[in-house]
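One structure below.
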Amino acid sequence: MISQTAEYAWRAVVFLADHPNSASTVTQIAEATRVPAGYLAKVMQSLSRAGVVRSQRGLNGGFTLARDAAELTVLEVVNVVDPVRRYPECPLGLPNHGKQLCPLHRRLDDAARALEDAVGRTKWADLLEVPKSRRPLCAAPPAAAAKR
């Protein structure tokens with residue numbers, strides 16, 4: 001239900017949330033999150049335009065979160081790069097369905113709503129409030145190592 005683009009955005013935001021005191025370049029984020037740098041650059045551009053991340057050029061430039069990780073929801077990031085697909089009516093356009101969803105599309109829409117509800121309540125800081133060994137991207141190098 002979550003696209004690879006959304007997954008890449010999630011990885012980048014987790015990395016930035018875990019390194020709030022320094023700007024990170026696309027290369028640093030890509031290496032730490034195992035995301036192709038060219039693709040990540042496009043994702044970061046979208047997040048920057050939406051105000052999720054802040055971009056700073058020049059020496060010591062890079063990306064930081066534009067808001068505190070305790071305020072930013074996981075759903076906000078998804079909605080920027082690839083919103084969860086909902087079914088307002090039967091996508092097959094079958095006349096006997098009218099505006100009603102068939103059982104298949106009703107279940108798909110219910111699942112999409114449940115996903116939106118779950119990630120809409122989840123803040124990025126929540127994902128980092130676990131022991132260091134269980135954090136997302138726990139195998140990623142620390143910020144200092146990523147800058148070498």
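Each chain in the structure tokens gets a letter, A, B, ..., in the order shown, and its residues are numbered from 1; ligands are numbered from 1 in order too.
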Write out as a list in words each polymer residue whose atoms come within 7 Å of range 110-116 of chain A, counting only C-alpha atoms; drop sequence neighbours fewer than 3 positions from it. Leu75, Val84, Arg85, Arg86, Arg106, Arg107, Val119 and Gly120 of chain A
Mind dumping the selected residues with N, CA and C atoms as a PDB file, in the first residue's frame?
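The file below, selection-v8.pdb, is the result:
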```pdb
ATOM      1  N   LEU A  75       1.967  10.515   7.997  1.00  0.00           N
ATOM      2  CA  LEU A  75       1.023  10.716   6.897  1.00  0.00           C
ATOM      3  C   LEU A  75       1.337  11.981   6.102  1.00  0.00           C
ATOM      4  N   VAL A  84      -1.880   7.899  -0.144  1.00  0.00           N
ATOM      5  CA  VAL A  84      -2.547   6.595  -0.114  1.00  0.00           C
ATOM      6  C   VAL A  84      -3.755   6.660  -1.037  1.00  0.00           C
ATOM      7  N   ARG A  85      -3.905   5.645  -1.864  1.00  0.00           N
ATOM      8  CA  ARG A  85      -5.006   5.622  -2.829  1.00  0.00           C
ATOM      9  C   ARG A  85      -6.308   5.233  -2.139  1.00  0.00           C
ATOM     10  N   ARG A  86      -7.301   6.096  -2.273  1.00  0.00           N
ATOM     11  CA  ARG A  86      -8.632   5.827  -1.727  1.00  0.00           C
ATOM     12  C   ARG A  86      -9.600   5.590  -2.878  1.00  0.00           C
ATOM     13  N   ARG A 106     -14.495  -1.882  -1.425  1.00  0.00           N
ATOM     14  CA  ARG A 106     -14.833  -1.440  -0.063  1.00  0.00           C
ATOM     15  C   ARG A 106     -13.734  -1.874   0.894  1.00  0.00           C
ATOM     16  N   ARG A 107     -13.289  -3.130   0.780  1.00  0.00           N
ATOM     17  CA  ARG A 107     -12.236  -3.618   1.677  1.00  0.00           C
ATOM     18  C   ARG A 107     -10.906  -2.897   1.427  1.00  0.00           C
ATOM     19  N   VAL A 119      -0.946   6.003  10.385  1.00  0.00           N
ATOM     20  CA  VAL A 119       0.220   6.865  10.152  1.00  0.00           C
ATOM     21  C   VAL A 119      -0.115   8.333  10.393  1.00  0.00           C
ATOM     22  N   GLY A 120      -1.394   8.668  10.398  1.00  0.00           N
ATOM     23  CA  GLY A 120      -1.799  10.034  10.715  1.00  0.00           C
ATOM     24  C   GLY A 120      -1.658  10.344  12.191  1.00  0.00           C
TER      25      GLY A 120
END
```
With a distance cut-off of 8 Å and only C-alpha atoms, select the neighbouring residues of Lys99 in chain A, excluding the residue or stretch itself and same-chain residues fewer than 2 positions from it, and output the selection as an NGL selection string. :A and (88-90 or 97 or 101)
Once you have the residues from the selection above, write them out as a compact mmCIF listing (two decimals), in the first residue's frame, restricted to N, CA and C atoms.
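Everything below was put into selection-v3.txt:
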```txt
# COMPACT_ATOMS: atom_id res chain seq x y z
N PRO A 88 -13.29 6.50 -3.82
CA PRO A 88 -14.56 7.19 -3.55
C PRO A 88 -15.74 6.52 -4.27
N GLU A 89 -15.44 5.84 -5.35
CA GLU A 89 -16.47 5.06 -6.07
C GLU A 89 -15.78 3.93 -6.79
N CYS A 90 -16.55 2.99 -7.30
CA CYS A 90 -15.98 1.82 -7.96
C CYS A 90 -15.10 2.26 -9.14
N HIS A 97 -22.95 -0.92 -10.09
CA HIS A 97 -22.38 -0.50 -8.82
C HIS A 97 -22.78 0.93 -8.48
N LEU A 101 -19.35 1.12 -3.60
CA LEU A 101 -18.17 0.30 -3.82
C LEU A 101 -18.55 -1.17 -3.76
```
Quick one: contact table of range 68-103 of chain A to range 45-51 of chain A, 12 Å max, nearest atom pair and distance in Å to one decimal per residue, counting only C-alpha atoms, chain and number order, as JSON lines?
```
{"residue": "A:Leu72", "atom": "CA", "partner": "A:Gly51", "partner_atom": "CA", "distance": 10.9}
{"residue": "A:Glu76", "atom": "CA", "partner": "A:Ala50", "partner_atom": "CA", "distance": 9.6}
{"residue": "A:Val77", "atom": "CA", "partner": "A:Leu47", "partner_atom": "CA", "distance": 7.4}
{"residue": "A:Val78", "atom": "CA", "partner": "A:Leu47", "partner_atom": "CA", "distance": 9.8}
{"residue": "A:Asn79", "atom": "CA", "partner": "A:Ala50", "partner_atom": "CA", "distance": 9.8}
{"residue": "A:Val80", "atom": "CA", "partner": "A:Leu47", "partner_atom": "CA", "distance": 6.6}
{"residue": "A:Val81", "atom": "CA", "partner": "A:Ser46", "partner_atom": "CA", "distance": 6.8}
{"residue": "A:Asp82", "atom": "CA", "partner": "A:Ser46", "partner_atom": "CA", "distance": 10.4}
```
Store the residues picked out above in a file with all heavy atoms, as a compact mmCIF listing (two decimals), in the first residue's frame.
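Wrote selection37.txt, looks like this:
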```txt
# COMPACT_ATOMS: atom_id res chain seq x y z
N LEU A 72 5.49 16.55 13.32
CA LEU A 72 5.30 16.09 11.95
C LEU A 72 4.81 14.65 11.92
O LEU A 72 5.42 13.77 12.53
CB LEU A 72 6.63 16.21 11.21
CG LEU A 72 6.68 15.83 9.74
CD1 LEU A 72 5.81 16.79 8.90
CD2 LEU A 72 8.11 15.85 9.24
N GLU A 76 1.79 13.03 6.77
CA GLU A 76 2.12 14.26 6.06
C GLU A 76 3.19 14.01 5.00
O GLU A 76 3.12 14.55 3.90
CB GLU A 76 2.59 15.34 7.03
CG GLU A 76 1.48 15.90 7.89
CD GLU A 76 2.00 16.89 8.90
OE1 GLU A 76 2.09 18.09 8.54
OE2 GLU A 76 2.31 16.48 10.03
N VAL A 77 4.16 13.19 5.32
CA VAL A 77 5.23 12.88 4.38
C VAL A 77 4.68 12.04 3.22
O VAL A 77 4.96 12.31 2.06
CB VAL A 77 6.40 12.17 5.09
CG1 VAL A 77 7.44 11.70 4.08
CG2 VAL A 77 7.02 13.11 6.11
N VAL A 78 3.87 11.05 3.54
CA VAL A 78 3.26 10.23 2.50
C VAL A 78 2.44 11.09 1.54
O VAL A 78 2.55 10.96 0.32
CB VAL A 78 2.36 9.13 3.10
CG1 VAL A 78 1.56 8.42 2.03
CG2 VAL A 78 3.18 8.14 3.88
N ASN A 79 1.65 11.99 2.09
CA ASN A 79 0.79 12.82 1.25
C ASN A 79 1.57 13.74 0.32
O ASN A 79 1.07 14.13 -0.73
CB ASN A 79 -0.18 13.62 2.11
CG ASN A 79 -1.31 12.77 2.62
OD1 ASN A 79 -1.63 11.72 2.06
ND2 ASN A 79 -1.93 13.19 3.71
N VAL A 80 2.80 14.06 0.67
CA VAL A 80 3.62 14.88 -0.21
C VAL A 80 4.10 14.08 -1.41
O VAL A 80 4.01 14.54 -2.55
CB VAL A 80 4.85 15.46 0.55
CG1 VAL A 80 5.85 16.08 -0.42
CG2 VAL A 80 4.39 16.48 1.57
N VAL A 81 4.61 12.90 -1.18
CA VAL A 81 5.26 12.16 -2.27
C VAL A 81 4.37 11.18 -3.01
O VAL A 81 4.55 10.97 -4.21
CB VAL A 81 6.53 11.43 -1.78
CG1 VAL A 81 7.57 12.44 -1.31
CG2 VAL A 81 6.23 10.43 -0.69
N ASP A 82 3.42 10.56 -2.32
CA ASP A 82 2.56 9.58 -2.99
C ASP A 82 1.40 9.22 -2.07
O ASP A 82 1.46 8.21 -1.35
CB ASP A 82 3.36 8.33 -3.36
CG ASP A 82 2.62 7.41 -4.31
OD1 ASP A 82 1.60 7.83 -4.89
OD2 ASP A 82 3.07 6.26 -4.48
```
In Å, with one decimal, what is the gap from CA of Val26 in chain A to CA of Leu65 in chain A?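 Value for the CA of Val26 in chain A-CA of Leu65 in chain A distance: 13.3 Å.
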DSSP on the backbone, then: every residue of range 14-66 of chain A marked strand (DSSP E or B), written as a list of chain:residue names.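 Reading the DSSP output for range 14-66 of chain A, strand (DSSP E or B) covers A:Ser24, A:Val53, A:Arg54, A:Ser55, A:Gln56, A:Gly62, A:Phe63, A:Thr64, A:Leu65.
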Write out as a PDB file with N, CA, C and O atoms, in the first residue's frame which residues come within 10 Å of Asn60 in chain A when counting only C-alpha atoms, dropping same-chain ones fewer than 4 positions away.
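That gives us around-v3.pdb:
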```pdb
ATOM      1  N   SER A  22      22.218  18.826  12.668  1.00  0.00           N
ATOM      2  CA  SER A  22      23.133  19.075  11.562  1.00  0.00           C
ATOM      3  C   SER A  22      22.412  18.875  10.231  1.00  0.00           C
ATOM      4  O   SER A  22      21.514  18.048  10.119  1.00  0.00           O
ATOM      5  N   ALA A  23      22.840  19.666   9.246  1.00  0.00           N
ATOM      6  CA  ALA A  23      22.304  19.516   7.897  1.00  0.00           C
ATOM      7  C   ALA A  23      23.020  18.340   7.230  1.00  0.00           C
ATOM      8  O   ALA A  23      24.206  18.119   7.446  1.00  0.00           O
ATOM      9  N   SER A  24      22.279  17.583   6.440  1.00  0.00           N
ATOM     10  CA  SER A  24      22.841  16.425   5.745  1.00  0.00           C
ATOM     11  C   SER A  24      22.602  16.565   4.253  1.00  0.00           C
ATOM     12  O   SER A  24      21.522  16.967   3.824  1.00  0.00           O
ATOM     13  N   THR A  25      23.604  16.213   3.476  1.00  0.00           N
ATOM     14  CA  THR A  25      23.486  16.291   2.018  1.00  0.00           C
ATOM     15  C   THR A  25      22.722  15.080   1.493  1.00  0.00           C
ATOM     16  O   THR A  25      22.568  14.072   2.194  1.00  0.00           O
ATOM     17  N   GLN A  56      19.477  24.053   2.571  1.00  0.00           N
ATOM     18  CA  GLN A  56      20.440  25.141   2.705  1.00  0.00           C
ATOM     19  C   GLN A  56      21.596  24.864   1.759  1.00  0.00           C
ATOM     20  O   GLN A  56      22.184  23.784   1.782  1.00  0.00           O
TER      21      GLN A  56
END
```
Please return, as a tab-separated table (two decimals) with N, CA, C and O atoms, in the first residue's frame, all residues of chain A that DSSP assigns to helix (DSSP H, G or I) on the basis of the backbone.
```tsv
chain	number	residue	atom	x	y	z
A	4	GLN	N	7.32	2.70	-3.15
A	4	GLN	CA	8.75	2.78	-2.88
A	4	GLN	C	9.17	4.24	-2.68
A	4	GLN	O	10.03	4.53	-1.86
A	5	THR	N	8.54	5.15	-3.41
A	5	THR	CA	8.84	6.57	-3.24
A	5	THR	C	8.53	7.01	-1.81
A	5	THR	O	9.34	7.71	-1.18
A	6	ALA	N	7.38	6.61	-1.29
A	6	ALA	CA	7.02	6.95	0.09
A	6	ALA	C	8.00	6.31	1.07
A	6	ALA	O	8.42	6.95	2.04
A	7	GLU	N	8.39	5.08	0.81
A	7	GLU	CA	9.37	4.40	1.67
A	7	GLU	C	10.69	5.18	1.68
A	7	GLU	O	11.30	5.38	2.74
A	8	TYR	N	11.15	5.61	0.53
A	8	TYR	CA	12.38	6.40	0.47
A	8	TYR	C	12.25	7.71	1.23
A	8	TYR	O	13.17	8.12	1.93
A	9	ALA	N	11.11	8.35	1.10
A	9	ALA	CA	10.87	9.61	1.84
A	9	ALA	C	10.89	9.32	3.33
A	9	ALA	O	11.46	10.10	4.11
A	10	TRP	N	10.27	8.21	3.74
A	10	TRP	CA	10.25	7.84	5.16
A	10	TRP	C	11.67	7.65	5.68
A	10	TRP	O	12.02	8.12	6.75
A	11	ARG	N	12.48	6.93	4.92
A	11	ARG	CA	13.85	6.68	5.35
A	11	ARG	C	14.60	8.00	5.55
A	11	ARG	O	15.32	8.18	6.53
A	12	ALA	N	14.44	8.91	4.59
A	12	ALA	CA	15.14	10.20	4.67
A	12	ALA	C	14.68	11.00	5.88
A	12	ALA	O	15.50	11.57	6.61
A	13	VAL	N	13.37	11.02	6.12
A	13	VAL	CA	12.85	11.79	7.25
A	13	VAL	C	13.28	11.17	8.58
A	13	VAL	O	13.63	11.88	9.52
A	14	VAL	N	13.29	9.85	8.67
A	14	VAL	CA	13.78	9.19	9.89
A	14	VAL	C	15.23	9.58	10.13
A	14	VAL	O	15.61	9.92	11.25
A	15	PHE	N	16.03	9.56	9.07
A	15	PHE	CA	17.44	9.93	9.22
A	15	PHE	C	17.57	11.36	9.72
A	15	PHE	O	18.31	11.64	10.66
A	16	LEU	N	16.83	12.28	9.10
A	16	LEU	CA	16.91	13.69	9.51
A	16	LEU	C	16.40	13.88	10.94
A	16	LEU	O	16.95	14.67	11.70
A	17	ALA	N	15.34	13.17	11.30
A	17	ALA	CA	14.80	13.27	12.65
A	17	ALA	C	15.79	12.75	13.68
A	17	ALA	O	15.85	13.25	14.81
A	18	ASP	N	16.57	11.76	13.29
A	18	ASP	CA	17.55	11.18	14.19
A	18	ASP	C	18.83	12.01	14.26
A	18	ASP	O	19.68	11.77	15.12
A	26	VAL	N	22.28	15.17	0.26
A	26	VAL	CA	21.60	14.04	-0.37
A	26	VAL	C	22.51	12.83	-0.37
A	26	VAL	O	22.07	11.71	-0.09
A	27	THR	N	23.79	13.03	-0.65
A	27	THR	CA	24.73	11.91	-0.68
A	27	THR	C	24.83	11.24	0.69
A	27	THR	O	24.81	10.01	0.79
A	28	GLN	N	24.91	12.03	1.74
A	28	GLN	CA	25.00	11.47	3.09
A	28	GLN	C	23.73	10.70	3.45
A	28	GLN	O	23.79	9.60	4.00
A	29	ILE	N	22.58	11.29	3.13
A	29	ILE	CA	21.31	10.63	3.43
A	29	ILE	C	21.18	9.35	2.62
A	29	ILE	O	20.77	8.30	3.13
A	30	ALA	N	21.53	9.43	1.34
A	30	ALA	CA	21.42	8.27	0.45
A	30	ALA	C	22.28	7.11	0.93
A	30	ALA	O	21.84	5.95	0.95
A	31	GLU	N	23.51	7.41	1.33
A	31	GLU	CA	24.41	6.35	1.82
A	31	GLU	C	23.86	5.72	3.10
A	31	GLU	O	23.85	4.50	3.24
A	32	ALA	N	23.38	6.55	4.00
A	32	ALA	CA	22.89	6.04	5.28
A	32	ALA	C	21.58	5.27	5.16
A	32	ALA	O	21.32	4.35	5.92
A	33	THR	N	20.75	5.65	4.19
A	33	THR	CA	19.42	5.04	4.07
A	33	THR	C	19.33	4.00	2.96
A	33	THR	O	18.27	3.40	2.77
A	37	ALA	N	20.88	7.94	-4.83
A	37	ALA	CA	21.03	9.38	-4.63
A	37	ALA	C	20.23	10.20	-5.64
A	37	ALA	O	19.61	11.21	-5.26
A	38	GLY	N	20.22	9.81	-6.90
A	38	GLY	CA	19.48	10.56	-7.91
A	38	GLY	C	17.99	10.59	-7.62
A	38	GLY	O	17.34	11.63	-7.76
A	39	TYR	N	17.46	9.45	-7.21
A	39	TYR	CA	16.04	9.37	-6.89
A	39	TYR	C	15.73	10.14	-5.61
A	39	TYR	O	14.75	10.87	-5.51
A	40	LEU	N	16.64	10.01	-4.64
A	40	LEU	CA	16.45	10.70	-3.37
A	40	LEU	C	16.45	12.21	-3.58
A	40	LEU	O	15.70	12.92	-2.92
A	41	ALA	N	17.26	12.71	-4.48
A	41	ALA	CA	17.31	14.15	-4.75
A	41	ALA	C	15.93	14.66	-5.17
A	41	ALA	O	15.49	15.73	-4.72
A	42	LYS	N	15.23	13.90	-6.00
A	42	LYS	CA	13.88	14.29	-6.42
A	42	LYS	C	12.90	14.24	-5.26
A	42	LYS	O	12.05	15.11	-5.11
A	43	VAL	N	13.02	13.23	-4.43
A	43	VAL	CA	12.15	13.09	-3.26
A	43	VAL	C	12.38	14.26	-2.31
A	43	VAL	O	11.43	14.89	-1.83
A	44	MET	N	13.65	14.59	-2.08
A	44	MET	CA	13.98	15.69	-1.17
A	44	MET	C	13.48	17.02	-1.72
A	44	MET	O	13.04	17.89	-0.96
A	45	GLN	N	13.53	17.18	-3.02
A	45	GLN	CA	13.02	18.41	-3.66
A	45	GLN	C	11.51	18.54	-3.39
A	45	GLN	O	11.03	19.62	-3.04
A	46	SER	N	10.78	17.45	-3.52
A	46	SER	CA	9.34	17.47	-3.23
A	46	SER	C	9.08	17.80	-1.77
A	46	SER	O	8.19	18.60	-1.46
A	47	LEU	N	9.84	17.18	-0.88
A	47	LEU	CA	9.67	17.45	0.56
A	47	LEU	C	10.01	18.89	0.89
A	47	LEU	O	9.37	19.51	1.73
A	48	SER	N	10.99	19.45	0.20
A	48	SER	CA	11.38	20.84	0.42
A	48	SER	C	10.29	21.79	-0.06
A	48	SER	O	9.92	22.73	0.65
A	49	ARG	N	9.77	21.54	-1.25
A	49	ARG	CA	8.68	22.40	-1.79
A	49	ARG	C	7.47	22.37	-0.88
A	49	ARG	O	6.77	23.37	-0.75
A	74	VAL	N	3.73	10.99	10.06
A	74	VAL	CA	4.18	10.12	8.98
A	74	VAL	C	3.27	10.33	7.76
A	74	VAL	O	3.74	10.37	6.62
A	75	LEU	N	1.97	10.51	8.00
A	75	LEU	CA	1.02	10.72	6.90
A	75	LEU	C	1.34	11.98	6.10
A	75	LEU	O	1.19	11.99	4.88
A	76	GLU	N	1.79	13.03	6.77
A	76	GLU	CA	2.12	14.26	6.06
A	76	GLU	C	3.19	14.01	5.00
A	76	GLU	O	3.12	14.55	3.90
A	77	VAL	N	4.16	13.19	5.32
A	77	VAL	CA	5.23	12.88	4.38
A	77	VAL	C	4.68	12.04	3.22
A	77	VAL	O	4.96	12.31	2.06
A	78	VAL	N	3.87	11.05	3.54
A	78	VAL	CA	3.26	10.23	2.50
A	78	VAL	C	2.44	11.09	1.54
A	78	VAL	O	2.55	10.96	0.32
A	79	ASN	N	1.65	11.99	2.09
A	79	ASN	CA	0.79	12.82	1.25
A	79	ASN	C	1.57	13.74	0.32
A	79	ASN	O	1.07	14.13	-0.73
A	80	VAL	N	2.80	14.06	0.67
A	80	VAL	CA	3.62	14.88	-0.21
A	80	VAL	C	4.10	14.08	-1.41
A	80	VAL	O	4.01	14.54	-2.55
A	81	VAL	N	4.61	12.90	-1.18
A	81	VAL	CA	5.26	12.16	-2.27
A	81	VAL	C	4.37	11.18	-3.01
A	81	VAL	O	4.55	10.97	-4.21
A	103	PRO	N	-17.66	-5.15	-2.96
A	103	PRO	CA	-17.01	-5.68	-1.75
A	103	PRO	C	-15.48	-5.60	-1.80
A	103	PRO	O	-14.85	-5.29	-0.80
A	104	LEU	N	-14.89	-5.85	-2.97
A	104	LEU	CA	-13.43	-5.78	-3.08
A	104	LEU	C	-12.93	-4.36	-2.84
A	104	LEU	O	-12.04	-4.13	-2.01
A	105	HIS	N	-13.51	-3.39	-3.53
A	105	HIS	CA	-13.05	-2.02	-3.39
A	105	HIS	C	-13.42	-1.41	-2.03
A	105	HIS	O	-12.71	-0.55	-1.52
A	106	ARG	N	-14.50	-1.88	-1.43
A	106	ARG	CA	-14.83	-1.44	-0.06
A	106	ARG	C	-13.73	-1.87	0.89
A	106	ARG	O	-13.27	-1.12	1.72
A	107	ARG	N	-13.29	-3.13	0.78
A	107	ARG	CA	-12.24	-3.62	1.68
A	107	ARG	C	-10.91	-2.90	1.43
A	107	ARG	O	-10.19	-2.58	2.36
A	108	LEU	N	-10.61	-2.65	0.16
A	108	LEU	CA	-9.39	-1.90	-0.16
A	108	LEU	C	-9.45	-0.49	0.41
A	108	LEU	O	-8.48	0.03	0.96
A	109	ASP	N	-10.61	0.16	0.29
A	109	ASP	CA	-10.74	1.51	0.82
A	109	ASP	C	-10.70	1.50	2.35
A	109	ASP	O	-10.10	2.39	2.96
A	110	ASP	N	-11.29	0.49	2.98
A	110	ASP	CA	-11.21	0.37	4.44
A	110	ASP	C	-9.76	0.20	4.90
A	110	ASP	O	-9.34	0.80	5.89
A	111	ALA	N	-9.00	-0.61	4.16
A	111	ALA	CA	-7.59	-0.81	4.50
A	111	ALA	C	-6.81	0.50	4.33
A	111	ALA	O	-5.96	0.84	5.16
A	112	ALA	N	-7.09	1.22	3.26
A	112	ALA	CA	-6.41	2.50	3.03
A	112	ALA	C	-6.74	3.50	4.14
A	112	ALA	O	-5.86	4.21	4.62
A	113	ARG	N	-8.00	3.54	4.54
A	113	ARG	CA	-8.40	4.44	5.63
A	113	ARG	C	-7.70	4.05	6.94
A	113	ARG	O	-7.22	4.91	7.68
A	114	ALA	N	-7.60	2.74	7.21
A	114	ALA	CA	-6.93	2.28	8.43
A	114	ALA	C	-5.45	2.67	8.40
A	114	ALA	O	-4.90	3.10	9.42
A	115	LEU	N	-4.83	2.56	7.25
A	115	LEU	CA	-3.43	2.95	7.11
A	115	LEU	C	-3.29	4.46	7.35
A	115	LEU	O	-2.42	4.89	8.10
A	116	GLU	N	-4.16	5.26	6.74
A	116	GLU	CA	-4.12	6.71	6.94
A	116	GLU	C	-4.31	7.06	8.42
A	116	GLU	O	-3.62	7.93	8.94
A	117	ASP	N	-5.24	6.38	9.06
A	117	ASP	CA	-5.48	6.64	10.49
A	117	ASP	C	-4.24	6.31	11.32
A	117	ASP	O	-3.84	7.09	12.18
A	118	ALA	N	-3.62	5.17	11.04
A	118	ALA	CA	-2.46	4.74	11.82
A	118	ALA	C	-1.27	5.68	11.62
A	118	ALA	O	-0.66	6.13	12.60
A	119	VAL	N	-0.95	6.00	10.38
A	119	VAL	CA	0.22	6.86	10.15
A	119	VAL	C	-0.12	8.33	10.39
A	119	VAL	O	0.78	9.14	10.61
A	120	GLY	N	-1.39	8.67	10.40
A	120	GLY	CA	-1.80	10.03	10.72
A	120	GLY	C	-1.66	10.34	12.19
A	120	GLY	O	-1.51	11.50	12.58
A	121	ARG	N	-1.68	9.31	13.03
A	121	ARG	CA	-1.51	9.49	14.48
A	121	ARG	C	-0.05	9.35	14.89
A	121	ARG	O	0.31	9.63	16.03
A	124	TRP	N	6.98	11.42	13.84
A	124	TRP	CA	8.32	10.89	13.58
A	124	TRP	C	9.09	10.68	14.88
A	124	TRP	O	9.84	9.71	15.01
A	125	ALA	N	8.90	11.55	15.83
A	125	ALA	CA	9.58	11.40	17.12
A	125	ALA	C	9.16	10.10	17.81
A	125	ALA	O	9.97	9.47	18.50
A	126	ASP	N	7.90	9.67	17.61
A	126	ASP	CA	7.42	8.42	18.20
A	126	ASP	C	8.27	7.23	17.73
A	126	ASP	O	8.51	6.29	18.48
A	127	LEU	N	8.69	7.28	16.47
A	127	LEU	CA	9.45	6.17	15.91
A	127	LEU	C	10.87	6.11	16.45
A	127	LEU	O	11.53	5.08	16.34
A	128	LEU	N	11.32	7.21	17.03
A	128	LEU	CA	12.67	7.25	17.57
A	128	LEU	C	12.70	7.06	19.09
A	128	LEU	O	13.77	7.01	19.68
A	132	LYS	N	18.08	2.48	21.11
A	132	LYS	CA	18.89	2.75	19.92
A	132	LYS	C	18.99	1.52	19.01
A	132	LYS	O	18.94	1.65	17.80
A	133	SER	N	19.08	0.34	19.58
A	133	SER	CA	19.23	-0.88	18.78
A	133	SER	C	17.98	-1.22	17.98
A	133	SER	O	18.05	-1.99	17.02
A	134	ARG	N	16.83	-0.68	18.35
A	134	ARG	CA	15.58	-0.99	17.65
A	134	ARG	C	15.09	0.16	16.79
A	134	ARG	O	14.03	0.07	16.20
A	143	ALA	N	25.69	10.40	12.22
A	143	ALA	CA	25.86	11.59	11.38
A	143	ALA	C	27.34	11.91	11.16
A	143	ALA	O	27.75	12.24	10.06
A	144	ALA	N	28.16	11.80	12.20
A	144	ALA	CA	29.58	12.15	12.05
A	144	ALA	C	30.26	11.21	11.05
A	144	ALA	O	31.03	11.64	10.22
A	145	ALA	N	29.93	9.93	11.12
A	145	ALA	CA	30.54	8.97	10.19
A	145	ALA	C	30.04	9.19	8.78
A	145	ALA	O	30.76	9.01	7.81
A	146	ALA	N	28.78	9.59	8.64
A	146	ALA	CA	28.20	9.80	7.31
A	146	ALA	C	28.82	11.00	6.61
A	146	ALA	O	28.81	11.07	5.40
```
For Arg54 in chain A, which residue among A:Pro20, A:Pro36, A:Gly93, A:Pro83 is the nearest when counting only C-alpha atoms? A:Pro20
Of the candidates A:Val130, A:Asn21, A:Leu92, A:Arg34, which one gets nearest to Gly62 in chain A if we count only C-alpha atoms? A:Asn21
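Across the model, the gap from CA of Ala70 in chain A to CA of Gly58 in chain A is 28.0 Å.
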Work out how far apart CA of Tyr87 in chain A and CA of Thr73 in chain A are and give it in Å to one decimal.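 Taking CA of Tyr87 in chain A and CA of Thr73 in chain A, their separation equals 22.6 Å.
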